[in-house]
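Report on the following structure.
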Amino acid sequence: MKIDGGCHCGNITYSAEIDPEEVGICHCTDCQTLSGSAFRTSVRANKEAFHLQGQPKIKTAESGAKRAQAFCPECGTPIYSAAVSDPQVFNIRVGTARQRAELRPKTRGWCRSARDWVNDLQSLRQFPKQRTV
Ligand SMILES: [Zn+2]
Ligand SMILES: [Zn+2]
């Protein structure tokens, strides 16, 4: 499946060919910190199938497994992670893809560090737009 997307400010854009069966969630604590949220949703693209326009800032995470984290230097949107040297695979952050509505996660990793409330979102009070509390 062909996807395309980019950061919030438009400085970084990309197109890629991915397998929607490989969309997955990561609950690890690095993903919680780096996303600023409870988990992260990604899909892998091979090097030949990932075309990036713009120059992301690359930060190597020092804790845990060393990964290069690429994000927009202007708006901070995380775009992908990859191996530190000579990456062959890019883990694209699904929230940046225009086709994100079609990219449903199929697997969840690092469930041992998942926040317990993620299994119970349905029970939370819901607002169609901005919440008022
Ligand atoms: Zn940006
Ligand atoms: Zn993770």
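Residues are referred to by chain and number: the chain letter is A, B, ... according to the order shown in the structure tokens, the number counts from 1 in that chain, and ligands are numbered separately from 1 in the order shown.
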TODO: Kindly work out which residues sit at most 7 Å from ligand 1, using only C-alpha atoms and all ligand atoms, and give the list as a ChimeraX atom specification.
DONE: /A:7-12,72-77
Can you check which parts of chain A lie within 6 Å of ligand 2? Per residue, the shortest pair of atoms and distance in Å to one decimal, counting only C-alpha atoms and all ligand atoms, sorted by chain and number, as JSON lines.
{"residue": "A:Cys26", "atom": "CA", "partner": "ligand 2", "partner_atom_place_in_ligand_line": "1 (Zn)", "distance": 4.4}
{"residue": "A:His27", "atom": "CA", "partner": "ligand 2", "partner_atom_place_in_ligand_line": "1 (Zn)", "distance": 5.6}
{"residue": "A:Cys28", "atom": "CA", "partner": "ligand 2", "partner_atom_place_in_ligand_line": "1 (Zn)", "distance": 4.1}
{"residue": "A:Asp30", "atom": "CA", "partner": "ligand 2", "partner_atom_place_in_ligand_line": "1 (Zn)", "distance": 5.6}
{"residue": "A:Cys31", "atom": "CA", "partner": "ligand 2", "partner_atom_place_in_ligand_line": "1 (Zn)", "distance": 4.2}
Residues of the last selection are to be written out with N, CA, C and O atoms, as an mmCIF file, in the first residue's frame.
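Output below, filename again-v1.cif:
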data_model
loop_
_atom_site.group_PDB
_atom_site.id
_atom_site.type_symbol
_atom_site.label_atom_id
_atom_site.label_comp_id
_atom_site.auth_asym_id
_atom_site.auth_seq_id
_atom_site.Cartn_x
_atom_site.Cartn_y
_atom_site.Cartn_z
ATOM 1 N N CYS A 26 3.615 0.213 20.008
ATOM 2 C CA CYS A 26 4.671 -0.076 20.975
ATOM 3 C C CYS A 26 4.354 0.645 22.282
ATOM 4 O O CYS A 26 4.140 1.854 22.303
ATOM 5 N N HIS A 27 4.316 -0.140 23.354
ATOM 6 C CA HIS A 27 4.017 0.391 24.683
ATOM 7 C C HIS A 27 5.271 0.612 25.518
ATOM 8 O O HIS A 27 5.179 0.822 26.726
ATOM 9 N N CYS A 28 6.455 0.535 24.929
ATOM 10 C CA CYS A 28 7.678 0.657 25.728
ATOM 11 C C CYS A 28 7.799 2.069 26.306
ATOM 12 O O CYS A 28 7.192 3.018 25.807
ATOM 13 N N ASP A 30 10.311 4.121 26.325
ATOM 14 C CA ASP A 30 10.931 5.084 25.403
ATOM 15 C C ASP A 30 9.868 5.674 24.478
ATOM 16 O O ASP A 30 9.859 6.882 24.225
ATOM 17 N N CYS A 31 8.983 4.826 23.961
ATOM 18 C CA CYS A 31 7.936 5.325 23.065
ATOM 19 C C CYS A 31 6.961 6.228 23.810
ATOM 20 O O CYS A 31 6.458 7.198 23.243
#
Task: Residue nearest A:Gly95 - candidates A:Asn119, A:Pro78, A:Cys111, A:Gln126, atoms counted: only C-alpha atoms - done: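 Closest to A:Gly95 of all the choices is A:Pro78.
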Open item on the list: Using only C-alpha atoms, which protein or nucleic acid residues come within 7 Å of stretch 35-51 of chain A? Drop anything in the same chain fewer than 2 positions from it, and give the result as a list in words.
Closed with: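 Listing them by chain and then by number gives Tyr14, Ser15, Ala16, Glu17, Ile18, Glu22, Val23, Gly24, Ile25, Cys26, His27, Cys31, Gln32, Thr33, Gln53, Gln88, Val89, Phe90, Asn91, Ile92, Arg93, Val94 and Arg115 of chain A.
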- [ ] Calculate how many Å separate atom CA of A:Ile79 from atom CA of A:Thr96, rounding to one decimal.
- [x]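 Separation between atom CA of A:Ile79 and atom CA of A:Thr96: 6.8 Å.
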